[in-house]
Amino acid sequence: MDLGLEGKVALVTGAARGIGRAEALALAAEGARIVINDIDPEGAARCVEDLRQAGHDAAAAPGDVSDTAGAEAVVRAAGAAFGRLDILVNNAGAGGRHLGRKAEDLDVEDFDIIVRTHLRSTFLCSKHAVPLMRAGGFGRIVNTSSMNVTGGGRPGVTNYSAAKAGVLGYTRTMAKEVGGDGITVNAIAPGYVATEFIATFSPEKRAVITGQNPMGRFCQPEEVGALVAFLCSTQAAFINGALICMDGGKRDFHWGDT
Ligand SMILES: NC(=O)c1ccc[n+]([C@@H]2O[C@H](COP(=O)([O-])OP(=O)(O)OC[C@H]3O[C@@H](n4cnc5c(N)ncnc54)[C@H](O)[C@@H]3O)[C@@H](O)[C@H]2O)c1
């Protein structure tokens, strides 16, 4: 199937590693020109180099997309890199030490950084990308939600669940605002994806997670990349305001879940 992505320009945020990197590779494999954002400039440069080595057009736009001026500068740089902007994948994410405490013990700083990184960045980048997409007559925005939204979230991640639920609400409403301009806005809800983060889990914790999943395994970053490439394609023009789950069928959490 021709996804119609040849020559399209895609900005992927938080793409130095993990899911974002896989999304960038998947879009590049379909002929898109890629702009790699990350708050880690060296990581972004490494990803750009890898893409170029593989024969793809790529440029870096490092910066903090949760910051008001930072996000605007990143989107402007992305639009300037190849003279247009067609695709925005809002993927940048933080977790780790900011997660794991129940609501009453959660620091305000940990709430704020998670909401900023996941939700505020999605708002800021989308706001600045839409005029560029409208100018080109084509637009695809893919936002990153989570199965913490579809399943309500496990204890200890109220900040993350709130941010990812916000991403979903933002997606559904914005889809109605821009659909008439040939721009679609969708959200994905991956389950546990085998990234660097998951690699830090103990073998016991990994076994519990895969044991609870109907597929008996983790999702692979390349599978998320393939989904995102399709959602960004010309074939997906009538998918708008949707939440696509990619969780192997494990959509709920119970007490004791890891
Ligand atoms: N890994 C999973 O199991 C999983 C499941 C569901 C959803 N997600 C979501 O997918 C996305 C990617 O997850 P991942 O596992 O690849 O994470 P990751 O931590 O491996 O990668 C996230 C990237 O975002 C970058 N980043 C962080 N803050 C940033 C900022 N303010 N501006 C620009 N870049 C920033 C980081 O430097 C990092 O390279 C996140 O939104 C995450 O919440 C992940």
# chains A, B, ... in the order shown; residues from 1 in each chain; ligands from 1
call {"tool": "closest_atom_pairs", "arguments": {"of": "chain A", "to": "ligand 1", "cutoff": "7 Å", "atoms": "only C-alpha atoms and all ligand atoms", "output": "JSON lines"}}
result
{"residue": "A:Thr13", "atom": "CA", "partner": "ligand 1", "partner_atom_place_in_ligand_line": "33 (C)", "distance": 5.8}
{"residue": "A:Gly14", "atom": "CA", "partner": "ligand 1", "partner_atom_place_in_ligand_line": "24 (O)", "distance": 3.4}
{"residue": "A:Ala15", "atom": "CA", "partner": "ligand 1", "partner_atom_place_in_ligand_line": "39 (O)", "distance": 5.6}
{"residue": "A:Ala16", "atom": "CA", "partner": "ligand 1", "partner_atom_place_in_ligand_line": "39 (O)", "distance": 4.6}
{"residue": "A:Arg17", "atom": "CA", "partner": "ligand 1", "partner_atom_place_in_ligand_line": "39 (O)", "distance": 5.0}
{"residue": "A:Gly18", "atom": "CA", "partner": "ligand 1", "partner_atom_place_in_ligand_line": "16 (O)", "distance": 3.5}
{"residue": "A:Ile19", "atom": "CA", "partner": "ligand 1", "partner_atom_place_in_ligand_line": "16 (O)", "distance": 3.8}
{"residue": "A:Gly20", "atom": "CA", "partner": "ligand 1", "partner_atom_place_in_ligand_line": "16 (O)", "distance": 5.7}
{"residue": "A:Asn37", "atom": "CA", "partner": "ligand 1", "partner_atom_place_in_ligand_line": "33 (C)", "distance": 6.2}
{"residue": "A:Asp38", "atom": "CA", "partner": "ligand 1", "partner_atom_place_in_ligand_line": "34 (N)", "distance": 3.8}
{"residue": "A:Ile39", "atom": "CA", "partner": "ligand 1", "partner_atom_place_in_ligand_line": "33 (C)", "distance": 4.0}
{"residue": "A:Asp40", "atom": "CA", "partner": "ligand 1", "partner_atom_place_in_ligand_line": "37 (O)", "distance": 5.2}
{"residue": "A:Gly63", "atom": "CA", "partner": "ligand 1", "partner_atom_place_in_ligand_line": "33 (C)", "distance": 5.8}
{"residue": "A:Asp64", "atom": "CA", "partner": "ligand 1", "partner_atom_place_in_ligand_line": "32 (N)", "distance": 3.7}
{"residue": "A:Val65", "atom": "CA", "partner": "ligand 1", "partner_atom_place_in_ligand_line": "32 (N)", "distance": 4.2}
{"residue": "A:Ser66", "atom": "CA", "partner": "ligand 1", "partner_atom_place_in_ligand_line": "31 (N)", "distance": 4.7}
{"residue": "A:Asn91", "atom": "CA", "partner": "ligand 1", "partner_atom_place_in_ligand_line": "41 (O)", "distance": 4.6}
{"residue": "A:Ala92", "atom": "CA", "partner": "ligand 1", "partner_atom_place_in_ligand_line": "24 (O)", "distance": 3.8}
{"residue": "A:Gly93", "atom": "CA", "partner": "ligand 1", "partner_atom_place_in_ligand_line": "41 (O)", "distance": 3.8}
{"residue": "A:Ala94", "atom": "CA", "partner": "ligand 1", "partner_atom_place_in_ligand_line": "27 (C)", "distance": 5.1}
{"residue": "A:Gly95", "atom": "CA", "partner": "ligand 1", "partner_atom_place_in_ligand_line": "19 (O)", "distance": 6.9}
{"residue": "A:Thr117", "atom": "CA", "partner": "ligand 1", "partner_atom_place_in_ligand_line": "31 (N)", "distance": 5.0}
{"residue": "A:His118", "atom": "CA", "partner": "ligand 1", "partner_atom_place_in_ligand_line": "41 (O)", "distance": 6.1}
{"residue": "A:Thr144", "atom": "CA", "partner": "ligand 1", "partner_atom_place_in_ligand_line": "41 (O)", "distance": 5.4}
{"residue": "A:Ser145", "atom": "CA", "partner": "ligand 1", "partner_atom_place_in_ligand_line": "7 (C)", "distance": 6.1}
{"residue": "A:Ser146", "atom": "CA", "partner": "ligand 1", "partner_atom_place_in_ligand_line": "6 (C)", "distance": 4.6}
{"residue": "A:Met147", "atom": "CA", "partner": "ligand 1", "partner_atom_place_in_ligand_line": "6 (C)", "distance": 6.5}
{"residue": "A:Ala189", "atom": "CA", "partner": "ligand 1", "partner_atom_place_in_ligand_line": "6 (C)", "distance": 6.1}
{"residue": "A:Pro190", "atom": "CA", "partner": "ligand 1", "partner_atom_place_in_ligand_line": "6 (C)", "distance": 4.3}
{"residue": "A:Gly191", "atom": "CA", "partner": "ligand 1", "partner_atom_place_in_ligand_line": "5 (C)", "distance": 4.9}
{"residue": "A:Tyr192", "atom": "CA", "partner": "ligand 1", "partner_atom_place_in_ligand_line": "3 (O)", "distance": 3.5}
{"residue": "A:Val193", "atom": "CA", "partner": "ligand 1", "partner_atom_place_in_ligand_line": "3 (O)", "distance": 3.7}
{"residue": "A:Ala194", "atom": "CA", "partner": "ligand 1", "partner_atom_place_in_ligand_line": "1 (N)", "distance": 6.3}
{"residue": "A:Thr195", "atom": "CA", "partner": "ligand 1", "partner_atom_place_in_ligand_line": "15 (O)", "distance": 5.2}
{"residue": "A:Glu196", "atom": "CA", "partner": "ligand 1", "partner_atom_place_in_ligand_line": "20 (O)", "distance": 5.6}
{"residue": "A:Phe197", "atom": "CA", "partner": "ligand 1", "partner_atom_place_in_ligand_line": "20 (O)", "distance": 5.8}
{"residue": "A:Ile198", "atom": "CA", "partner": "ligand 1", "partner_atom_place_in_ligand_line": "1 (N)", "distance": 6.7}
call {"tool": "residues_around", "arguments": {"residues": "A:Phe138", "least_positions_apart": "6", "cutoff": "8 Å", "atoms": "only C-alpha atoms", "output": "PyMOL selection string"}}
result
chain A and resi 86+181-183
call {"tool": "residues_around", "arguments": {"residues": "A:Pro214", "least_positions_apart": "2", "cutoff": "7 Å", "atoms": "only C-alpha atoms", "output": "PDB file with N, CA and C atoms, in the first residue's frame"}}
result
ATOM      1  N   GLN A 212       0.320 -10.845  32.207  1.00  0.00           N
ATOM      2  CA  GLN A 212      -1.021 -10.263  32.252  1.00  0.00           C
ATOM      3  C   GLN A 212      -1.542  -9.894  30.865  1.00  0.00           C
ATOM      4  N   GLY A 216       1.079 -12.053  25.704  1.00  0.00           N
ATOM      5  CA  GLY A 216       2.215 -12.672  26.400  1.00  0.00           C
ATOM      6  C   GLY A 216       3.548 -12.019  26.121  1.00  0.00           C
ATOM      7  N   GLY A 248      -2.255  -4.889  22.984  1.00  0.00           N
ATOM      8  CA  GLY A 248      -2.368  -6.346  22.961  1.00  0.00           C
ATOM      9  C   GLY A 248      -3.662  -6.866  23.569  1.00  0.00           C
ATOM     10  N   GLY A 249      -4.596  -5.946  23.874  1.00  0.00           N
ATOM     11  CA  GLY A 249      -5.869  -6.357  24.467  1.00  0.00           C
ATOM     12  C   GLY A 249      -5.910  -6.202  25.979  1.00  0.00           C
ATOM     13  N   LYS A 250      -4.797  -5.772  26.580  1.00  0.00           N
ATOM     14  CA  LYS A 250      -4.740  -5.537  28.036  1.00  0.00           C
ATOM     15  C   LYS A 250      -5.034  -4.061  28.283  1.00  0.00           C
TER      16      LYS A 250
END
call {"tool": "select_by_dssp", "arguments": {"residues": "stretch 57-199 of chain A", "states": "helix (DSSP H, G or I)", "output": "JSON list (two decimals) with N, CA and C atoms, in the first residue's frame"}}
result
[["chain", "number", "residue", "atom", "x", "y", "z"],
["A", 68, "THR", "N", 7.24, 27.43, 26.60],
["A", 68, "THR", "CA", 6.47, 28.24, 25.64],
["A", 68, "THR", "C", 7.32, 28.68, 24.45],
["A", 69, "ALA", "N", 8.44, 29.33, 24.74],
["A", 69, "ALA", "CA", 9.29, 29.81, 23.65],
["A", 69, "ALA", "C", 10.02, 28.65, 22.97],
["A", 70, "GLY", "N", 10.37, 27.64, 23.77],
["A", 70, "GLY", "CA", 11.10, 26.49, 23.23],
["A", 70, "GLY", "C", 10.29, 25.76, 22.18],
["A", 71, "ALA", "N", 9.01, 25.51, 22.47],
["A", 71, "ALA", "CA", 8.17, 24.78, 21.52],
["A", 71, "ALA", "C", 7.99, 25.57, 20.23],
["A", 72, "GLU", "N", 7.78, 26.87, 20.37],
["A", 72, "GLU", "CA", 7.60, 27.70, 19.17],
["A", 72, "GLU", "C", 8.86, 27.66, 18.30],
["A", 73, "ALA", "N", 10.02, 27.74, 18.96],
["A", 73, "ALA", "CA", 11.28, 27.72, 18.21],
["A", 73, "ALA", "C", 11.49, 26.37, 17.52],
["A", 74, "VAL", "N", 11.12, 25.28, 18.19],
["A", 74, "VAL", "CA", 11.29, 23.94, 17.61],
["A", 74, "VAL", "C", 10.40, 23.80, 16.36],
["A", 75, "VAL", "N", 9.14, 24.21, 16.47],
["A", 75, "VAL", "CA", 8.24, 24.07, 15.31],
["A", 75, "VAL", "C", 8.69, 24.99, 14.18],
["A", 76, "ARG", "N", 9.14, 26.20, 14.52],
["A", 76, "ARG", "CA", 9.62, 27.11, 13.48],
["A", 76, "ARG", "C", 10.84, 26.50, 12.77],
["A", 77, "ALA", "N", 11.75, 25.94, 13.55],
["A", 77, "ALA", "CA", 12.95, 25.31, 12.96],
["A", 77, "ALA", "C", 12.56, 24.12, 12.09],
["A", 78, "ALA", "N", 11.56, 23.37, 12.53],
["A", 78, "ALA", "CA", 11.12, 22.21, 11.75],
["A", 78, "ALA", "C", 10.53, 22.66, 10.41],
["A", 79, "GLY", "N", 9.75, 23.74, 10.44],
["A", 79, "GLY", "CA", 9.15, 24.25, 9.21],
["A", 79, "GLY", "C", 10.20, 24.79, 8.25],
["A", 80, "ALA", "N", 11.27, 25.36, 8.83],
["A", 80, "ALA", "CA", 12.32, 25.95, 8.00],
["A", 80, "ALA", "C", 13.26, 24.89, 7.43],
["A", 81, "ALA", "N", 13.38, 23.76, 8.10],
["A", 81, "ALA", "CA", 14.39, 22.75, 7.72],
["A", 81, "ALA", "C", 14.21, 22.30, 6.27],
["A", 82, "PHE", "N", 12.97, 22.05, 5.86],
["A", 82, "PHE", "CA", 12.72, 21.58, 4.49],
["A", 82, "PHE", "C", 11.66, 22.42, 3.78],
["A", 96, "GLY", "N", 9.75, 7.97, 35.09],
["A", 96, "GLY", "CA", 10.79, 7.61, 36.05],
["A", 96, "GLY", "C", 10.53, 8.15, 37.45],
["A", 97, "ARG", "N", 11.45, 8.99, 37.91],
["A", 97, "ARG", "CA", 11.41, 9.45, 39.31],
["A", 97, "ARG", "C", 10.20, 10.36, 39.61],
["A", 98, "HIS", "N", 9.51, 10.82, 38.57],
["A", 98, "HIS", "CA", 8.34, 11.67, 38.80],
["A", 98, "HIS", "C", 7.07, 10.85, 39.07],
["A", 103, "ALA", "N", -1.58, 9.98, 45.25],
["A", 103, "ALA", "CA", -1.98, 11.39, 45.12],
["A", 103, "ALA", "C", -1.62, 12.23, 46.34],
["A", 104, "GLU", "N", -1.87, 11.71, 47.53],
["A", 104, "GLU", "CA", -1.65, 12.56, 48.71],
["A", 104, "GLU", "C", -0.17, 12.79, 49.00],
["A", 105, "ASP", "N", 0.70, 11.96, 48.43],
["A", 105, "ASP", "CA", 2.14, 12.12, 48.65],
["A", 105, "ASP", "C", 2.85, 12.75, 47.45],
["A", 108, "VAL", "N", 4.00, 18.77, 44.14],
["A", 108, "VAL", "CA", 3.46, 19.65, 43.09],
["A", 108, "VAL", "C", 4.41, 19.66, 41.88],
["A", 109, "GLU", "N", 5.71, 19.64, 42.15],
["A", 109, "GLU", "CA", 6.70, 19.68, 41.06],
["A", 109, "GLU", "C", 6.56, 18.44, 40.16],
["A", 110, "ASP", "N", 6.33, 17.29, 40.78],
["A", 110, "ASP", "CA", 6.19, 16.06, 39.99],
["A", 110, "ASP", "C", 4.89, 16.05, 39.20],
["A", 111, "PHE", "N", 3.85, 16.67, 39.76],
["A", 111, "PHE", "CA", 2.61, 16.80, 38.99],
["A", 111, "PHE", "C", 2.86, 17.71, 37.79],
["A", 112, "ASP", "N", 3.47, 18.87, 38.07],
["A", 112, "ASP", "CA", 3.65, 19.87, 37.01],
["A", 112, "ASP", "C", 4.54, 19.38, 35.88],
["A", 113, "ILE", "N", 5.64, 18.71, 36.21],
["A", 113, "ILE", "CA", 6.57, 18.34, 35.13],
["A", 113, "ILE", "C", 5.95, 17.29, 34.22],
["A", 114, "ILE", "N", 5.15, 16.41, 34.79],
["A", 114, "ILE", "CA", 4.51, 15.39, 33.94],
["A", 114, "ILE", "C", 3.44, 16.03, 33.05],
["A", 115, "VAL", "N", 2.66, 16.93, 33.63],
["A", 115, "VAL", "CA", 1.62, 17.59, 32.81],
["A", 115, "VAL", "C", 2.26, 18.48, 31.75],
["A", 116, "ARG", "N", 3.31, 19.18, 32.12],
["A", 116, "ARG", "CA", 4.01, 20.03, 31.14],
["A", 116, "ARG", "C", 4.58, 19.20, 29.99],
["A", 117, "THR", "N", 5.27, 18.13, 30.34],
["A", 117, "THR", "CA", 6.00, 17.37, 29.32],
["A", 117, "THR", "C", 5.05, 16.68, 28.35],
["A", 118, "HIS", "N", 3.93, 16.17, 28.87],
["A", 118, "HIS", "CA", 3.03, 15.39, 28.00],
["A", 118, "HIS", "C", 1.91, 16.23, 27.39],
["A", 119, "LEU", "N", 1.30, 17.09, 28.20],
["A", 119, "LEU", "CA", 0.10, 17.80, 27.73],
["A", 119, "LEU", "C", 0.42, 19.20, 27.21],
["A", 120, "ARG", "N", 1.17, 19.97, 28.00],
["A", 120, "ARG", "CA", 1.48, 21.34, 27.58],
["A", 120, "ARG", "C", 2.27, 21.34, 26.27],
["A", 121, "SER", "N", 3.18, 20.40, 26.13],
["A", 121, "SER", "CA", 3.99, 20.31, 24.90],
["A", 121, "SER", "C", 3.12, 19.98, 23.70],
["A", 122, "THR", "N", 2.12, 19.13, 23.93],
["A", 122, "THR", "CA", 1.20, 18.75, 22.83],
["A", 122, "THR", "C", 0.42, 19.98, 22.37],
["A", 123, "PHE", "N", -0.07, 20.74, 23.33],
["A", 123, "PHE", "CA", -0.79, 21.99, 23.00],
["A", 123, "PHE", "C", 0.13, 22.95, 22.26],
["A", 124, "LEU", "N", 1.32, 23.20, 22.80],
["A", 124, "LEU", "CA", 2.20, 24.22, 22.22],
["A", 124, "LEU", "C", 2.64, 23.85, 20.80],
["A", 125, "CYS", "N", 3.10, 22.62, 20.62],
["A", 125, "CYS", "CA", 3.59, 22.23, 19.28],
["A", 125, "CYS", "C", 2.45, 22.21, 18.27],
["A", 126, "SER", "N", 1.29, 21.71, 18.68],
["A", 126, "SER", "CA", 0.15, 21.66, 17.75],
["A", 126, "SER", "C", -0.28, 23.06, 17.35],
["A", 127, "LYS", "N", -0.35, 23.95, 18.33],
["A", 127, "LYS", "CA", -0.75, 25.34, 18.07],
["A", 127, "LYS", "C", 0.11, 25.97, 16.99],
["A", 128, "HIS", "N", 1.42, 25.73, 17.06],
["A", 128, "HIS", "CA", 2.32, 26.37, 16.10],
["A", 128, "HIS", "C", 2.43, 25.59, 14.78],
["A", 129, "ALA", "N", 2.11, 24.31, 14.82],
["A", 129, "ALA", "CA", 2.22, 23.50, 13.60],
["A", 129, "ALA", "C", 1.03, 23.71, 12.66],
["A", 130, "VAL", "N", -0.16, 23.93, 13.23],
["A", 130, "VAL", "CA", -1.36, 23.99, 12.39],
["A", 130, "VAL", "C", -1.28, 25.05, 11.29],
["A", 131, "PRO", "N", -0.82, 26.28, 11.56],
["A", 131, "PRO", "CA", -0.75, 27.26, 10.46],
["A", 131, "PRO", "C", 0.17, 26.79, 9.33],
["A", 132, "LEU", "N", 1.26, 26.09, 9.67],
["A", 132, "LEU", "CA", 2.17, 25.59, 8.63],
["A", 132, "LEU", "C", 1.49, 24.48, 7.82],
["A", 133, "MET", "N", 0.74, 23.63, 8.50],
["A", 133, "MET", "CA", 0.03, 22.55, 7.79],
["A", 133, "MET", "C", -1.07, 23.13, 6.90],
["A", 134, "ARG", "N", -1.78, 24.10, 7.43],
["A", 134, "ARG", "CA", -2.86, 24.73, 6.64],
["A", 134, "ARG", "C", -2.28, 25.35, 5.37],
["A", 135, "ALA", "N", -1.11, 25.96, 5.50],
["A", 135, "ALA", "CA", -0.46, 26.58, 4.33],
["A", 135, "ALA", "C", -0.12, 25.53, 3.28],
["A", 136, "GLY", "N", 0.19, 24.32, 3.72],
["A", 136, "GLY", "CA", 0.53, 23.26, 2.78],
["A", 136, "GLY", "C", -0.66, 22.43, 2.33],
["A", 147, "MET", "N", -2.52, 3.62, 27.78],
["A", 147, "MET", "CA", -3.54, 2.72, 28.32],
["A", 147, "MET", "C", -3.86, 3.07, 29.77],
["A", 148, "ASN", "N", -3.08, 3.97, 30.38],
["A", 148, "ASN", "CA", -3.44, 4.47, 31.71],
["A", 148, "ASN", "C", -4.74, 5.26, 31.65],
["A", 149, "VAL", "N", -5.10, 5.74, 30.45],
["A", 149, "VAL", "CA", -6.36, 6.46, 30.27],
["A", 149, "VAL", "C", -7.49, 5.47, 30.03],
["A", 150, "THR", "N", -7.27, 4.52, 29.13],
["A", 150, "THR", "CA", -8.33, 3.57, 28.80],
["A", 150, "THR", "C", -8.64, 2.68, 30.00],
["A", 158, "THR", "N", -1.18, 9.17, 39.15],
["A", 158, "THR", "CA", -2.29, 10.10, 38.92],
["A", 158, "THR", "C", -1.85, 11.25, 38.01],
["A", 159, "ASN", "N", -0.61, 11.71, 38.20],
["A", 159, "ASN", "CA", -0.12, 12.81, 37.35],
["A", 159, "ASN", "C", -0.05, 12.38, 35.87],
["A", 160, "TYR", "N", 0.48, 11.19, 35.65],
["A", 160, "TYR", "CA", 0.62, 10.68, 34.28],
["A", 160, "TYR", "C", -0.76, 10.43, 33.67],
["A", 161, "SER", "N", -1.66, 9.79, 34.43],
["A", 161, "SER", "CA", -3.01, 9.51, 33.92],
["A", 161, "SER", "C", -3.75, 10.81, 33.58],
["A", 162, "ALA", "N", -3.60, 11.82, 34.46],
["A", 162, "ALA", "CA", -4.26, 13.11, 34.22],
["A", 162, "ALA", "C", -3.72, 13.75, 32.94],
["A", 163, "ALA", "N", -2.40, 13.71, 32.77],
["A", 163, "ALA", "CA", -1.80, 14.32, 31.58],
["A", 163, "ALA", "C", -2.25, 13.59, 30.31],
["A", 164, "LYS", "N", -2.24, 12.26, 30.36],
["A", 164, "LYS", "CA", -2.59, 11.49, 29.16],
["A", 164, "LYS", "C", -4.09, 11.58, 28.85],
["A", 165, "ALA", "N", -4.93, 11.72, 29.90],
["A", 165, "ALA", "CA", -6.37, 11.94, 29.66],
["A", 165, "ALA", "C", -6.56, 13.32, 29.04],
["A", 166, "GLY", "N", -5.77, 14.28, 29.48],
["A", 166, "GLY", "CA", -5.82, 15.61, 28.89],
["A", 166, "GLY", "C", -5.44, 15.57, 27.42],
["A", 167, "VAL", "N", -4.44, 14.78, 27.09],
["A", 167, "VAL", "CA", -4.02, 14.63, 25.69],
["A", 167, "VAL", "C", -5.18, 14.10, 24.85],
["A", 168, "LEU", "N", -5.92, 13.15, 25.40],
["A", 168, "LEU", "CA", -7.05, 12.58, 24.65],
["A", 168, "LEU", "C", -8.15, 13.61, 24.45],
["A", 169, "GLY", "N", -8.50, 14.35, 25.50],
["A", 169, "GLY", "CA", -9.54, 15.37, 25.36],
["A", 169, "GLY", "C", -9.13, 16.45, 24.37],
["A", 170, "TYR", "N", -7.87, 16.84, 24.46],
["A", 170, "TYR", "CA", -7.34, 17.85, 23.54],
["A", 170, "TYR", "C", -7.46, 17.36, 22.10],
["A", 171, "THR", "N", -7.10, 16.11, 21.89],
["A", 171, "THR", "CA", -7.12, 15.51, 20.55],
["A", 171, "THR", "C", -8.53, 15.54, 19.96],
["A", 172, "ARG", "N", -9.48, 15.07, 20.76],
["A", 172, "ARG", "CA", -10.85, 14.93, 20.24],
["A", 172, "ARG", "C", -11.47, 16.28, 19.87],
["A", 173, "THR", "N", -11.17, 17.30, 20.68],
["A", 173, "THR", "CA", -11.73, 18.62, 20.39],
["A", 173, "THR", "C", -11.02, 19.28, 19.22],
["A", 174, "MET", "N", -9.69, 19.20, 19.22],
["A", 174, "MET", "CA", -8.94, 19.85, 18.13],
["A", 174, "MET", "C", -9.27, 19.22, 16.77],
["A", 175, "ALA", "N", -9.55, 17.92, 16.79],
["A", 175, "ALA", "CA", -9.90, 17.23, 15.53],
["A", 175, "ALA", "C", -11.10, 17.89, 14.87],
["A", 176, "LYS", "N", -12.04, 18.35, 15.68],
["A", 176, "LYS", "CA", -13.23, 19.00, 15.12],
["A", 176, "LYS", "C", -12.91, 20.39, 14.60],
["A", 177, "GLU", "N", -11.91, 21.02, 15.17],
["A", 177, "GLU", "CA", -11.57, 22.39, 14.74],
["A", 177, "GLU", "C", -10.86, 22.41, 13.40],
["A", 178, "VAL", "N", -10.00, 21.42, 13.13],
["A", 178, "VAL", "CA", -9.12, 21.52, 11.95],
["A", 178, "VAL", "C", -9.42, 20.49, 10.86],
["A", 179, "GLY", "N", -10.35, 19.57, 11.14],
["A", 179, "GLY", "CA", -10.65, 18.52, 10.16],
["A", 179, "GLY", "C", -11.02, 19.07, 8.79],
["A", 180, "GLY", "N", -11.73, 20.19, 8.78],
["A", 180, "GLY", "CA", -12.17, 20.79, 7.52],
["A", 180, "GLY", "C", -11.03, 21.35, 6.68],
["A", 181, "ASP", "N", -9.85, 21.46, 7.28],
["A", 181, "ASP", "CA", -8.68, 21.98, 6.56],
["A", 181, "ASP", "C", -7.77, 20.86, 6.07],
["A", 196, "GLU", "N", 13.97, 1.55, 26.38],
["A", 196, "GLU", "CA", 15.04, 1.58, 27.39],
["A", 196, "GLU", "C", 14.46, 1.57, 28.80],
["A", 197, "PHE", "N", 13.34, 2.26, 28.98],
["A", 197, "PHE", "CA", 12.68, 2.34, 30.28],
["A", 197, "PHE", "C", 12.29, 0.95, 30.79],
["A", 198, "ILE", "N", 11.70, 0.16, 29.90],
["A", 198, "ILE", "CA", 11.25, -1.18, 30.28],
["A", 198, "ILE", "C", 12.46, -2.08, 30.58],
["A", 199, "ALA", "N", 13.56, -1.82, 29.88],
["A", 199, "ALA", "CA", 14.77, -2.64, 30.06],
["A", 199, "ALA", "C", 15.31, -2.53, 31.49]]
call {"tool": "select_by_dssp", "arguments": {"residues": "stretch 127-246 of chain A", "states": "strand (DSSP E or B)", "output": "PyMOL selection string"}}
result
chain A and resi 139-144+183-190+193+219+243-246
call {"tool": "write_last_selection", "arguments": {"atoms": "C-alpha atoms", "output": "short mmCIF file (atom, residue, chain, number, x, y, z; two decimals), in the first residue's frame"}}
result
data_model
loop_
_atom_site.label_atom_id
_atom_site.label_comp_id
_atom_site.auth_asym_id
_atom_site.auth_seq_id
_atom_site.Cartn_x
_atom_site.Cartn_y
_atom_site.Cartn_z
CA GLY A 139 -1.73 17.92 8.05
CA ARG A 140 -1.41 14.98 10.39
CA ILE A 141 -1.03 15.29 14.15
CA VAL A 142 -0.55 12.16 16.25
CA ASN A 143 -0.64 12.60 20.02
CA THR A 144 0.59 10.09 22.56
CA ILE A 183 -5.70 18.13 8.99
CA THR A 184 -6.38 15.09 11.15
CA VAL A 185 -5.64 14.84 14.87
CA ASN A 186 -5.52 11.41 16.48
CA ALA A 187 -4.19 9.82 19.63
CA ILE A 188 -2.51 6.49 20.25
CA ALA A 189 -2.68 4.52 23.49
CA PRO A 190 0.20 2.06 23.64
CA VAL A 193 6.42 -0.87 24.93
CA CYS A 219 4.68 -4.15 22.34
CA LEU A 243 -7.94 6.94 20.01
CA ILE A 244 -6.14 3.86 18.70
CA CYS A 245 -5.23 1.35 21.39
CA MET A 246 -2.09 -0.72 20.86
#
call {"tool": "closest_residue", "arguments": {"among": "A:Ala59, A:Met215, A:Ala207, A:Leu5", "to": "A:Val228", "atoms": "only C-alpha atoms"}}
result
A:Leu5
call {"tool": "atom_distance", "arguments": {"atom1": "atom CA of A:Pro203", "atom2": "atom CA of A:Phe218"}}
result
12.9 Å
call {"tool": "residues_around", "arguments": {"residues": "A:Ile36", "least_positions_apart": "3", "cutoff": "6 Å", "atoms": "only C-alpha atoms", "output": "ChimeraX atom specification"}}
result
/A:12,15,44,60-61
call {"tool": "write_last_selection", "arguments": {"atoms": "N, CA and C atoms", "output": "PDB file, in the first residue's frame"}}
result
ATOM      1  N   VAL A  12       9.036  14.883  14.829  1.00  0.00           N
ATOM      2  CA  VAL A  12       8.738  13.950  15.919  1.00  0.00           C
ATOM      3  C   VAL A  12       9.426  14.475  17.176  1.00  0.00           C
ATOM      4  N   ALA A  15      12.427  12.328  20.102  1.00  0.00           N
ATOM      5  CA  ALA A  15      12.715  11.217  19.186  1.00  0.00           C
ATOM      6  C   ALA A  15      14.161  10.739  19.231  1.00  0.00           C
ATOM      7  N   ALA A  44      19.498  13.753  19.807  1.00  0.00           N
ATOM      8  CA  ALA A  44      18.816  14.135  18.568  1.00  0.00           C
ATOM      9  C   ALA A  44      19.793  14.086  17.391  1.00  0.00           C
ATOM     10  N   ALA A  60      17.873  18.150  12.695  1.00  0.00           N
ATOM     11  CA  ALA A  60      17.594  18.194  14.135  1.00  0.00           C
ATOM     12  C   ALA A  60      16.971  19.527  14.515  1.00  0.00           C
ATOM     13  N   ALA A  61      16.038  19.481  15.466  1.00  0.00           N
ATOM     14  CA  ALA A  61      15.470  20.702  16.071  1.00  0.00           C
ATOM     15  C   ALA A  61      15.393  20.442  17.570  1.00  0.00           C
TER      16      ALA A  61
END
call {"tool": "decode", "arguments": {"residues": "stretch 22-41 of chain A", "atoms": "C-alpha atoms", "output": "PDB file, in the first residue's frame"}}
result
ATOM      1  CA  ALA A  22      10.994   4.167  15.974  1.00  0.00           C
ATOM      2  CA  GLU A  23       8.235   6.484  14.750  1.00  0.00           C
ATOM      3  CA  ALA A  24      10.807   8.644  12.960  1.00  0.00           C
ATOM      4  CA  LEU A  25      12.397   5.583  11.314  1.00  0.00           C
ATOM      5  CA  ALA A  26       8.996   4.285  10.202  1.00  0.00           C
ATOM      6  CA  LEU A  27       8.027   7.620   8.628  1.00  0.00           C
ATOM      7  CA  ALA A  28      11.442   7.900   6.951  1.00  0.00           C
ATOM      8  CA  ALA A  29      11.090   4.394   5.516  1.00  0.00           C
ATOM      9  CA  GLU A  30       7.931   5.637   3.765  1.00  0.00           C
ATOM     10  CA  GLY A  31       9.819   8.535   2.175  1.00  0.00           C
ATOM     11  CA  ALA A  32       9.100  11.323   4.670  1.00  0.00           C
ATOM     12  CA  ARG A  33      11.752  13.895   5.514  1.00  0.00           C
ATOM     13  CA  ILE A  34      12.280  13.883   9.245  1.00  0.00           C
ATOM     14  CA  VAL A  35      12.951  16.565  11.842  1.00  0.00           C
ATOM     15  CA  ILE A  36      14.129  15.084  15.116  1.00  0.00           C
ATOM     16  CA  ASN A  37      13.382  16.982  18.317  1.00  0.00           C
ATOM     17  CA  ASP A  38      14.634  16.081  21.755  1.00  0.00           C
ATOM     18  CA  ILE A  39      15.592  17.944  24.905  1.00  0.00           C
ATOM     19  CA  ASP A  40      18.835  15.970  24.597  1.00  0.00           C
ATOM     20  CA  PRO A  41      20.689  17.647  21.677  1.00  0.00           C
TER      21      PRO A  41
END
